[in-house]
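See below for the structure under consideration.
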Amino acid sequence: GAGVSQSPSNKVTEKGKDVELRCDPISGHTALYWYRQSLGQGLEFLIYFQGNSAPDKSGLPSDRFSAERTGGSVSTLTIQRTQQEDSAVYLCASSRRRTSTDTQYFGPGTRLTVL
Amino acid sequence: GQQLNQSPQSMFIQEGEDVSMNCTSSSIFNTWLWYKQDPGEGPVLLIALYKAGELTSNGRLTAQFGITRKDSFLNISASIPSDVGIYFCAGPGGGGSQGNLIFGKGTKLSVKP
(Lines give C-alpha, C1' and ligand atoms only; values in the text may rest on other atoms or scores of the structure.)
Protein backbone atom coordinates (compact mmCIF):
# COMPACT_ATOMS: atom_id res chain seq x y z
CA GLY A 1 0.00 0.00 0.00
CA ALA A 2 0.98 3.64 -0.35
CA GLY A 3 3.17 5.15 2.33
CA VAL A 4 3.24 8.71 3.61
CA SER A 5 3.76 11.17 0.78
CA GLN A 6 4.91 14.77 0.98
CA SER A 7 5.04 17.60 -1.51
CA PRO A 8 6.96 19.38 -2.76
CA SER A 9 10.14 17.37 -2.27
CA ASN A 10 12.19 20.56 -2.48
CA LYS A 11 11.20 24.19 -1.98
CA VAL A 12 13.40 27.24 -2.39
CA THR A 13 11.94 30.53 -1.29
CA GLU A 14 13.00 34.05 -0.50
CA LYS A 15 13.12 35.39 3.00
CA GLY A 16 9.79 36.91 3.99
CA LYS A 17 7.66 34.76 1.70
CA ASP A 18 5.02 32.29 2.94
CA VAL A 19 5.29 28.57 2.15
CA GLU A 20 2.90 25.64 2.36
CA LEU A 21 4.04 22.06 2.76
CA ARG A 22 1.68 19.15 2.20
CA CYS A 23 1.45 15.71 3.78
CA ASP A 24 -0.70 12.76 2.72
CA PRO A 25 -0.74 10.22 5.55
CA ILE A 26 -1.32 6.48 5.23
CA SER A 27 -5.00 5.80 4.72
CA GLY A 28 -6.75 4.98 7.99
CA HIS A 29 -4.07 6.48 10.23
CA THR A 30 -5.68 8.81 12.73
CA ALA A 31 -2.50 10.35 14.11
CA LEU A 32 -0.35 12.72 12.06
CA TYR A 33 2.87 14.42 13.15
CA TRP A 34 5.14 17.11 11.75
CA TYR A 35 8.84 17.19 12.61
CA ARG A 36 11.69 19.43 11.54
CA GLN A 37 15.22 18.18 10.89
CA SER A 38 17.94 20.79 10.70
CA LEU A 39 21.28 19.93 9.11
CA GLY A 40 23.15 17.36 11.18
CA GLN A 41 20.47 17.29 13.84
CA GLY A 42 17.85 14.88 15.04
CA LEU A 43 14.17 15.40 14.46
CA GLU A 44 12.35 18.11 16.38
CA PHE A 45 8.63 17.64 17.06
CA LEU A 46 6.44 20.49 15.78
CA ILE A 47 2.74 19.59 15.90
CA TYR A 48 0.47 16.59 16.12
CA PHE A 49 -3.11 15.77 15.09
CA GLN A 50 -5.28 12.95 16.42
CA GLY A 51 -8.66 12.46 14.78
CA ASN A 52 -10.95 15.42 15.44
CA SER A 53 -9.23 16.48 18.65
CA ALA A 54 -7.54 19.84 19.00
CA PRO A 55 -3.96 19.63 17.70
CA ASP A 56 -0.99 19.55 20.06
CA LYS A 57 0.96 22.63 18.98
CA SER A 58 3.49 22.52 21.79
CA GLY A 59 6.47 22.08 19.46
CA LEU A 60 5.84 24.99 17.10
CA PRO A 61 8.83 27.35 17.36
CA SER A 62 6.92 30.58 16.71
CA ASP A 63 3.51 31.94 15.71
CA ARG A 64 4.72 32.07 12.10
CA PHE A 65 4.18 28.30 12.01
CA SER A 66 0.72 26.79 11.72
CA ALA A 67 -0.81 23.58 10.45
CA GLU A 68 -4.20 22.21 9.62
CA ARG A 69 -5.60 18.83 8.80
CA THR A 70 -8.66 18.75 6.62
CA GLY A 71 -11.15 15.91 6.86
CA GLY A 72 -8.85 13.96 9.13
CA SER A 73 -6.53 13.17 6.25
CA VAL A 74 -4.28 15.57 4.35
CA SER A 75 -2.30 18.09 6.39
CA THR A 76 -0.71 21.38 5.41
CA LEU A 77 2.11 23.04 7.34
CA THR A 78 2.32 26.78 6.68
CA ILE A 79 5.28 28.96 7.49
CA GLN A 80 4.64 32.69 7.19
CA ARG A 81 7.30 35.33 6.61
CA THR A 82 10.01 32.70 6.28
CA GLN A 83 13.43 33.31 7.83
CA GLN A 84 16.77 31.74 6.92
CA GLU A 85 16.75 29.73 10.14
CA ASP A 86 13.59 27.99 8.90
CA SER A 87 15.74 26.14 6.32
CA ALA A 88 15.47 22.45 7.17
CA VAL A 89 13.86 19.21 6.10
CA TYR A 90 10.24 19.03 7.23
CA LEU A 91 9.10 15.47 7.86
CA CYS A 92 5.57 14.21 8.26
CA ALA A 93 4.68 10.93 9.95
CA SER A 94 1.46 9.06 10.59
CA SER A 95 0.44 6.24 12.89
CA ARG A 96 -2.75 4.34 13.57
CA ARG A 97 -3.12 6.03 16.93
CA ARG A 98 -1.22 8.46 19.12
CA THR A 99 0.57 6.09 21.45
CA SER A 100 4.22 5.24 21.85
CA THR A 101 3.51 1.64 20.83
CA ASP A 102 2.11 2.54 17.42
CA THR A 103 4.79 2.75 14.76
CA GLN A 104 5.21 6.12 13.13
CA TYR A 105 5.74 5.92 9.39
CA PHE A 106 7.65 8.83 7.92
CA GLY A 107 7.38 10.49 4.54
CA PRO A 108 10.48 11.44 2.54
CA GLY A 109 10.32 15.03 3.71
CA THR A 110 10.29 18.46 2.10
CA ARG A 111 13.67 20.20 1.97
CA LEU A 112 13.03 23.91 2.52
CA THR A 113 15.72 26.43 1.65
CA VAL A 114 15.16 30.08 2.55
CA LEU A 115 17.49 32.44 0.69
CA GLY B 1 13.60 19.26 28.96
CA GLN B 2 14.26 15.71 27.94
CA GLN B 3 17.34 15.07 25.85
CA LEU B 4 18.77 12.01 24.20
CA ASN B 5 22.54 11.82 23.76
CA GLN B 6 23.87 9.48 21.12
CA SER B 7 27.41 8.26 20.69
CA PRO B 8 29.45 8.07 18.71
CA GLN B 9 28.39 10.93 16.42
CA SER B 10 29.92 9.15 13.46
CA MET B 11 31.85 6.02 12.68
CA PHE B 12 33.49 4.33 9.75
CA ILE B 13 32.95 0.67 9.14
CA GLN B 14 34.64 -1.96 7.08
CA GLU B 15 32.44 -4.65 5.64
CA GLY B 16 32.14 -7.52 8.06
CA GLU B 17 32.84 -5.49 11.18
CA ASP B 18 30.50 -5.36 14.15
CA VAL B 19 29.15 -1.92 15.12
CA SER B 20 27.94 -0.63 18.47
CA MET B 21 26.23 2.64 19.33
CA ASN B 22 24.34 3.87 22.34
CA CYS B 23 21.88 6.42 23.55
CA THR B 24 21.51 7.91 27.02
CA SER B 25 18.89 10.09 28.63
CA SER B 26 18.76 12.33 31.67
CA SER B 27 15.29 10.99 32.48
CA ILE B 28 13.55 7.64 32.46
CA PHE B 29 11.93 6.39 29.27
CA ASN B 30 9.33 3.63 29.07
CA THR B 31 9.93 3.07 25.37
CA TRP B 32 13.08 3.12 23.27
CA LEU B 33 13.02 3.18 19.49
CA TRP B 34 15.81 2.86 16.96
CA TYR B 35 15.37 4.34 13.49
CA LYS B 36 17.56 4.40 10.39
CA GLN B 37 17.52 7.21 7.86
CA ASP B 38 18.90 6.87 4.35
CA PRO B 39 19.80 10.01 2.34
CA GLY B 40 16.73 11.77 1.02
CA GLU B 41 14.37 9.52 2.94
CA GLY B 42 12.43 9.67 6.16
CA PRO B 43 13.49 7.53 9.13
CA VAL B 44 12.39 3.91 9.20
CA LEU B 45 11.77 2.05 12.45
CA LEU B 46 14.25 -0.78 13.04
CA ILE B 47 13.56 -1.96 16.57
CA ALA B 48 11.15 -0.98 19.36
CA LEU B 49 11.82 -1.76 23.03
CA TYR B 50 9.12 -1.54 25.70
CA LYS B 51 10.54 -3.20 28.82
CA ALA B 52 13.63 -2.54 30.93
CA GLY B 53 16.25 -5.19 30.26
CA GLU B 54 14.57 -6.25 27.01
CA LEU B 55 16.90 -7.53 24.30
CA THR B 56 15.40 -7.62 20.81
CA SER B 57 16.87 -8.66 17.47
CA ASN B 58 15.94 -7.84 13.90
CA GLY B 59 18.20 -9.81 11.58
CA ARG B 60 21.76 -8.63 12.18
CA LEU B 61 20.56 -5.84 14.47
CA THR B 62 20.21 -6.24 18.22
CA ALA B 63 19.02 -3.58 20.63
CA GLN B 64 18.75 -3.53 24.39
CA PHE B 65 16.64 -1.46 26.78
CA GLY B 66 18.93 -0.57 29.68
CA ILE B 67 17.84 -1.69 33.15
CA THR B 68 18.10 1.87 34.46
CA ARG B 69 15.61 2.88 31.73
CA LYS B 70 17.95 5.75 30.90
CA ASP B 71 19.91 4.11 28.12
CA SER B 72 19.74 1.82 25.13
CA PHE B 73 22.24 0.12 22.85
CA LEU B 74 22.14 -0.90 19.20
CA ASN B 75 24.55 -3.43 17.76
CA ILE B 76 24.97 -4.37 14.12
CA SER B 77 26.82 -7.58 13.40
CA ALA B 78 28.80 -8.35 10.25
CA SER B 79 28.12 -4.95 8.67
CA ILE B 80 27.42 -4.66 4.96
CA PRO B 81 27.52 -1.58 2.69
CA SER B 82 23.77 -1.01 2.88
CA ASP B 83 24.08 -0.46 6.64
CA VAL B 84 25.43 3.00 5.82
CA GLY B 85 23.11 5.76 6.97
CA ILE B 86 22.15 7.68 10.08
CA TYR B 87 20.82 5.80 13.10
CA PHE B 88 18.59 7.63 15.56
CA CYS B 89 17.36 6.64 18.96
CA ALA B 90 14.00 8.04 19.99
CA GLY B 91 11.61 7.97 22.89
CA PRO B 92 8.20 9.37 23.75
CA GLY B 93 8.19 13.07 24.46
CA GLY B 94 6.38 14.43 27.46
CA GLY B 95 7.45 11.54 29.65
CA GLY B 96 4.29 9.58 29.04
CA SER B 97 2.77 7.36 26.40
CA GLN B 98 2.06 10.13 23.95
CA GLY B 99 3.14 9.39 20.43
CA ASN B 100 5.20 12.46 19.65
CA LEU B 101 8.81 11.47 19.83
CA ILE B 102 12.07 13.10 20.80
CA PHE B 103 15.14 12.06 18.88
CA GLY B 104 18.87 11.91 19.49
CA LYS B 105 21.14 13.69 17.01
CA GLY B 106 22.06 10.45 15.34
CA THR B 107 25.07 8.24 14.68
CA LYS B 108 26.27 8.48 11.09
CA LEU B 109 27.64 5.24 9.72
CA SER B 110 29.97 5.48 6.73
CA VAL B 111 32.14 2.99 4.88
CA LYS B 112 35.89 3.17 5.41
CA PRO B 113 37.63 4.48 2.29
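How things are named: the first chain in the C-alpha coordinates is A, the next is B, and so on; residues count from 1 in each chain; ligands count from 1 in the order shown.
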
Could you give me, as JSON lines, a per-residue list for chain A showing, wherever an atom lies at most 12 Å from an atom of chain B, the closest pair of atoms and their distance in Å to one decimal, using only C-alpha atoms and sorting by chain then residue number from low to high?
```
{"residue": "A:Gly3", "atom": "CA", "partner": "B:Gly42", "partner_atom": "CA", "distance": 11.0}
{"residue": "A:Val4", "atom": "CA", "partner": "B:Gly42", "partner_atom": "CA", "distance": 9.6}
{"residue": "A:Ser5", "atom": "CA", "partner": "B:Gly42", "partner_atom": "CA", "distance": 10.3}
{"residue": "A:Gln6", "atom": "CA", "partner": "B:Gly42", "partner_atom": "CA", "distance": 10.5}
{"residue": "A:Ser9", "atom": "CA", "partner": "B:Gly40", "partner_atom": "CA", "distance": 9.2}
{"residue": "A:Asn10", "atom": "CA", "partner": "B:Gly40", "partner_atom": "CA", "distance": 10.5}
{"residue": "A:Thr30", "atom": "CA", "partner": "B:Gly99", "partner_atom": "CA", "distance": 11.7}
{"residue": "A:Ala31", "atom": "CA", "partner": "B:Gly99", "partner_atom": "CA", "distance": 8.5}
{"residue": "A:Leu32", "atom": "CA", "partner": "B:Asn100", "partner_atom": "CA", "distance": 9.4}
{"residue": "A:Tyr33", "atom": "CA", "partner": "B:Asn100", "partner_atom": "CA", "distance": 7.2}
{"residue": "A:Trp34", "atom": "CA", "partner": "B:Asn100", "partner_atom": "CA", "distance": 9.2}
{"residue": "A:Tyr35", "atom": "CA", "partner": "B:Leu101", "partner_atom": "CA", "distance": 9.2}
{"residue": "A:Arg36", "atom": "CA", "partner": "B:Phe103", "partner_atom": "CA", "distance": 11.0}
{"residue": "A:Gln37", "atom": "CA", "partner": "B:Lys105", "partner_atom": "CA", "distance": 9.6}
{"residue": "A:Ser38", "atom": "CA", "partner": "B:Lys105", "partner_atom": "CA", "distance": 10.0}
{"residue": "A:Leu39", "atom": "CA", "partner": "B:Lys105", "partner_atom": "CA", "distance": 10.1}
{"residue": "A:Gly40", "atom": "CA", "partner": "B:Lys105", "partner_atom": "CA", "distance": 7.2}
{"residue": "A:Gln41", "atom": "CA", "partner": "B:Lys105", "partner_atom": "CA", "distance": 4.8}
{"residue": "A:Gly42", "atom": "CA", "partner": "B:Lys105", "partner_atom": "CA", "distance": 4.0}
{"residue": "A:Leu43", "atom": "CA", "partner": "B:Phe103", "partner_atom": "CA", "distance": 5.6}
{"residue": "A:Glu44", "atom": "CA", "partner": "B:Ile102", "partner_atom": "CA", "distance": 6.7}
{"residue": "A:Phe45", "atom": "CA", "partner": "B:Asn100", "partner_atom": "CA", "distance": 6.7}
{"residue": "A:Leu46", "atom": "CA", "partner": "B:Asn100", "partner_atom": "CA", "distance": 9.0}
{"residue": "A:Ile47", "atom": "CA", "partner": "B:Asn100", "partner_atom": "CA", "distance": 8.4}
{"residue": "A:Tyr48", "atom": "CA", "partner": "B:Asn100", "partner_atom": "CA", "distance": 7.2}
{"residue": "A:Phe49", "atom": "CA", "partner": "B:Asn100", "partner_atom": "CA", "distance": 10.0}
{"residue": "A:Gln50", "atom": "CA", "partner": "B:Gly99", "partner_atom": "CA", "distance": 10.0}
{"residue": "A:Pro55", "atom": "CA", "partner": "B:Asn100", "partner_atom": "CA", "distance": 11.8}
{"residue": "A:Asp56", "atom": "CA", "partner": "B:Asn100", "partner_atom": "CA", "distance": 9.4}
{"residue": "A:Lys57", "atom": "CA", "partner": "B:Asn100", "partner_atom": "CA", "distance": 11.0}
{"residue": "A:Ser58", "atom": "CA", "partner": "B:Gly94", "partner_atom": "CA", "distance": 10.3}
{"residue": "A:Gly59", "atom": "CA", "partner": "B:Asn100", "partner_atom": "CA", "distance": 9.7}
{"residue": "A:Val89", "atom": "CA", "partner": "B:Gly40", "partner_atom": "CA", "distance": 9.4}
{"residue": "A:Tyr90", "atom": "CA", "partner": "B:Gly42", "partner_atom": "CA", "distance": 9.7}
{"residue": "A:Leu91", "atom": "CA", "partner": "B:Gly42", "partner_atom": "CA", "distance": 6.9}
{"residue": "A:Cys92", "atom": "CA", "partner": "B:Gly42", "partner_atom": "CA", "distance": 8.5}
{"residue": "A:Ala93", "atom": "CA", "partner": "B:Gly42", "partner_atom": "CA", "distance": 8.7}
{"residue": "A:Ser94", "atom": "CA", "partner": "B:Gly99", "partner_atom": "CA", "distance": 10.0}
{"residue": "A:Ser95", "atom": "CA", "partner": "B:Gly99", "partner_atom": "CA", "distance": 8.6}
{"residue": "A:Arg96", "atom": "CA", "partner": "B:Gly99", "partner_atom": "CA", "distance": 10.4}
{"residue": "A:Arg97", "atom": "CA", "partner": "B:Gly99", "partner_atom": "CA", "distance": 7.9}
{"residue": "A:Arg98", "atom": "CA", "partner": "B:Gly99", "partner_atom": "CA", "distance": 4.6}
{"residue": "A:Thr99", "atom": "CA", "partner": "B:Gly99", "partner_atom": "CA", "distance": 4.3}
{"residue": "A:Ser100", "atom": "CA", "partner": "B:Gly99", "partner_atom": "CA", "distance": 4.5}
{"residue": "A:Thr101", "atom": "CA", "partner": "B:Gly99", "partner_atom": "CA", "distance": 7.8}
{"residue": "A:Asp102", "atom": "CA", "partner": "B:Gly99", "partner_atom": "CA", "distance": 7.6}
{"residue": "A:Thr103", "atom": "CA", "partner": "B:Leu45", "partner_atom": "CA", "distance": 7.4}
{"residue": "A:Gln104", "atom": "CA", "partner": "B:Leu45", "partner_atom": "CA", "distance": 7.7}
{"residue": "A:Tyr105", "atom": "CA", "partner": "B:Val44", "partner_atom": "CA", "distance": 7.0}
{"residue": "A:Phe106", "atom": "CA", "partner": "B:Gly42", "partner_atom": "CA", "distance": 5.2}
{"residue": "A:Gly107", "atom": "CA", "partner": "B:Gly42", "partner_atom": "CA", "distance": 5.4}
{"residue": "A:Pro108", "atom": "CA", "partner": "B:Glu41", "partner_atom": "CA", "distance": 4.4}
{"residue": "A:Gly109", "atom": "CA", "partner": "B:Gly42", "partner_atom": "CA", "distance": 6.3}
{"residue": "A:Thr110", "atom": "CA", "partner": "B:Gly40", "partner_atom": "CA", "distance": 9.3}
{"residue": "A:Arg111", "atom": "CA", "partner": "B:Gly40", "partner_atom": "CA", "distance": 9.0}
```

Practice task
Within range 11-80 of chain B, find each residue whose DSSP state, derived from the backbone, is strand (DSSP E), and express the selection as an MDAnalysis selection string.
Solution key: chainID B and resid 11:13 19:25 32:37 44:49 55:58 61:65 71:76

Practice task
Give the answer as one residue: which of B:Gln64, B:Phe12, B:Phe73, B:Gly53 has the shortest atom-to-atom distance to Thr24 in chain B, using only C-alpha atoms?
Solution key: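 Nearest to Thr24 in chain B: B:Phe73.
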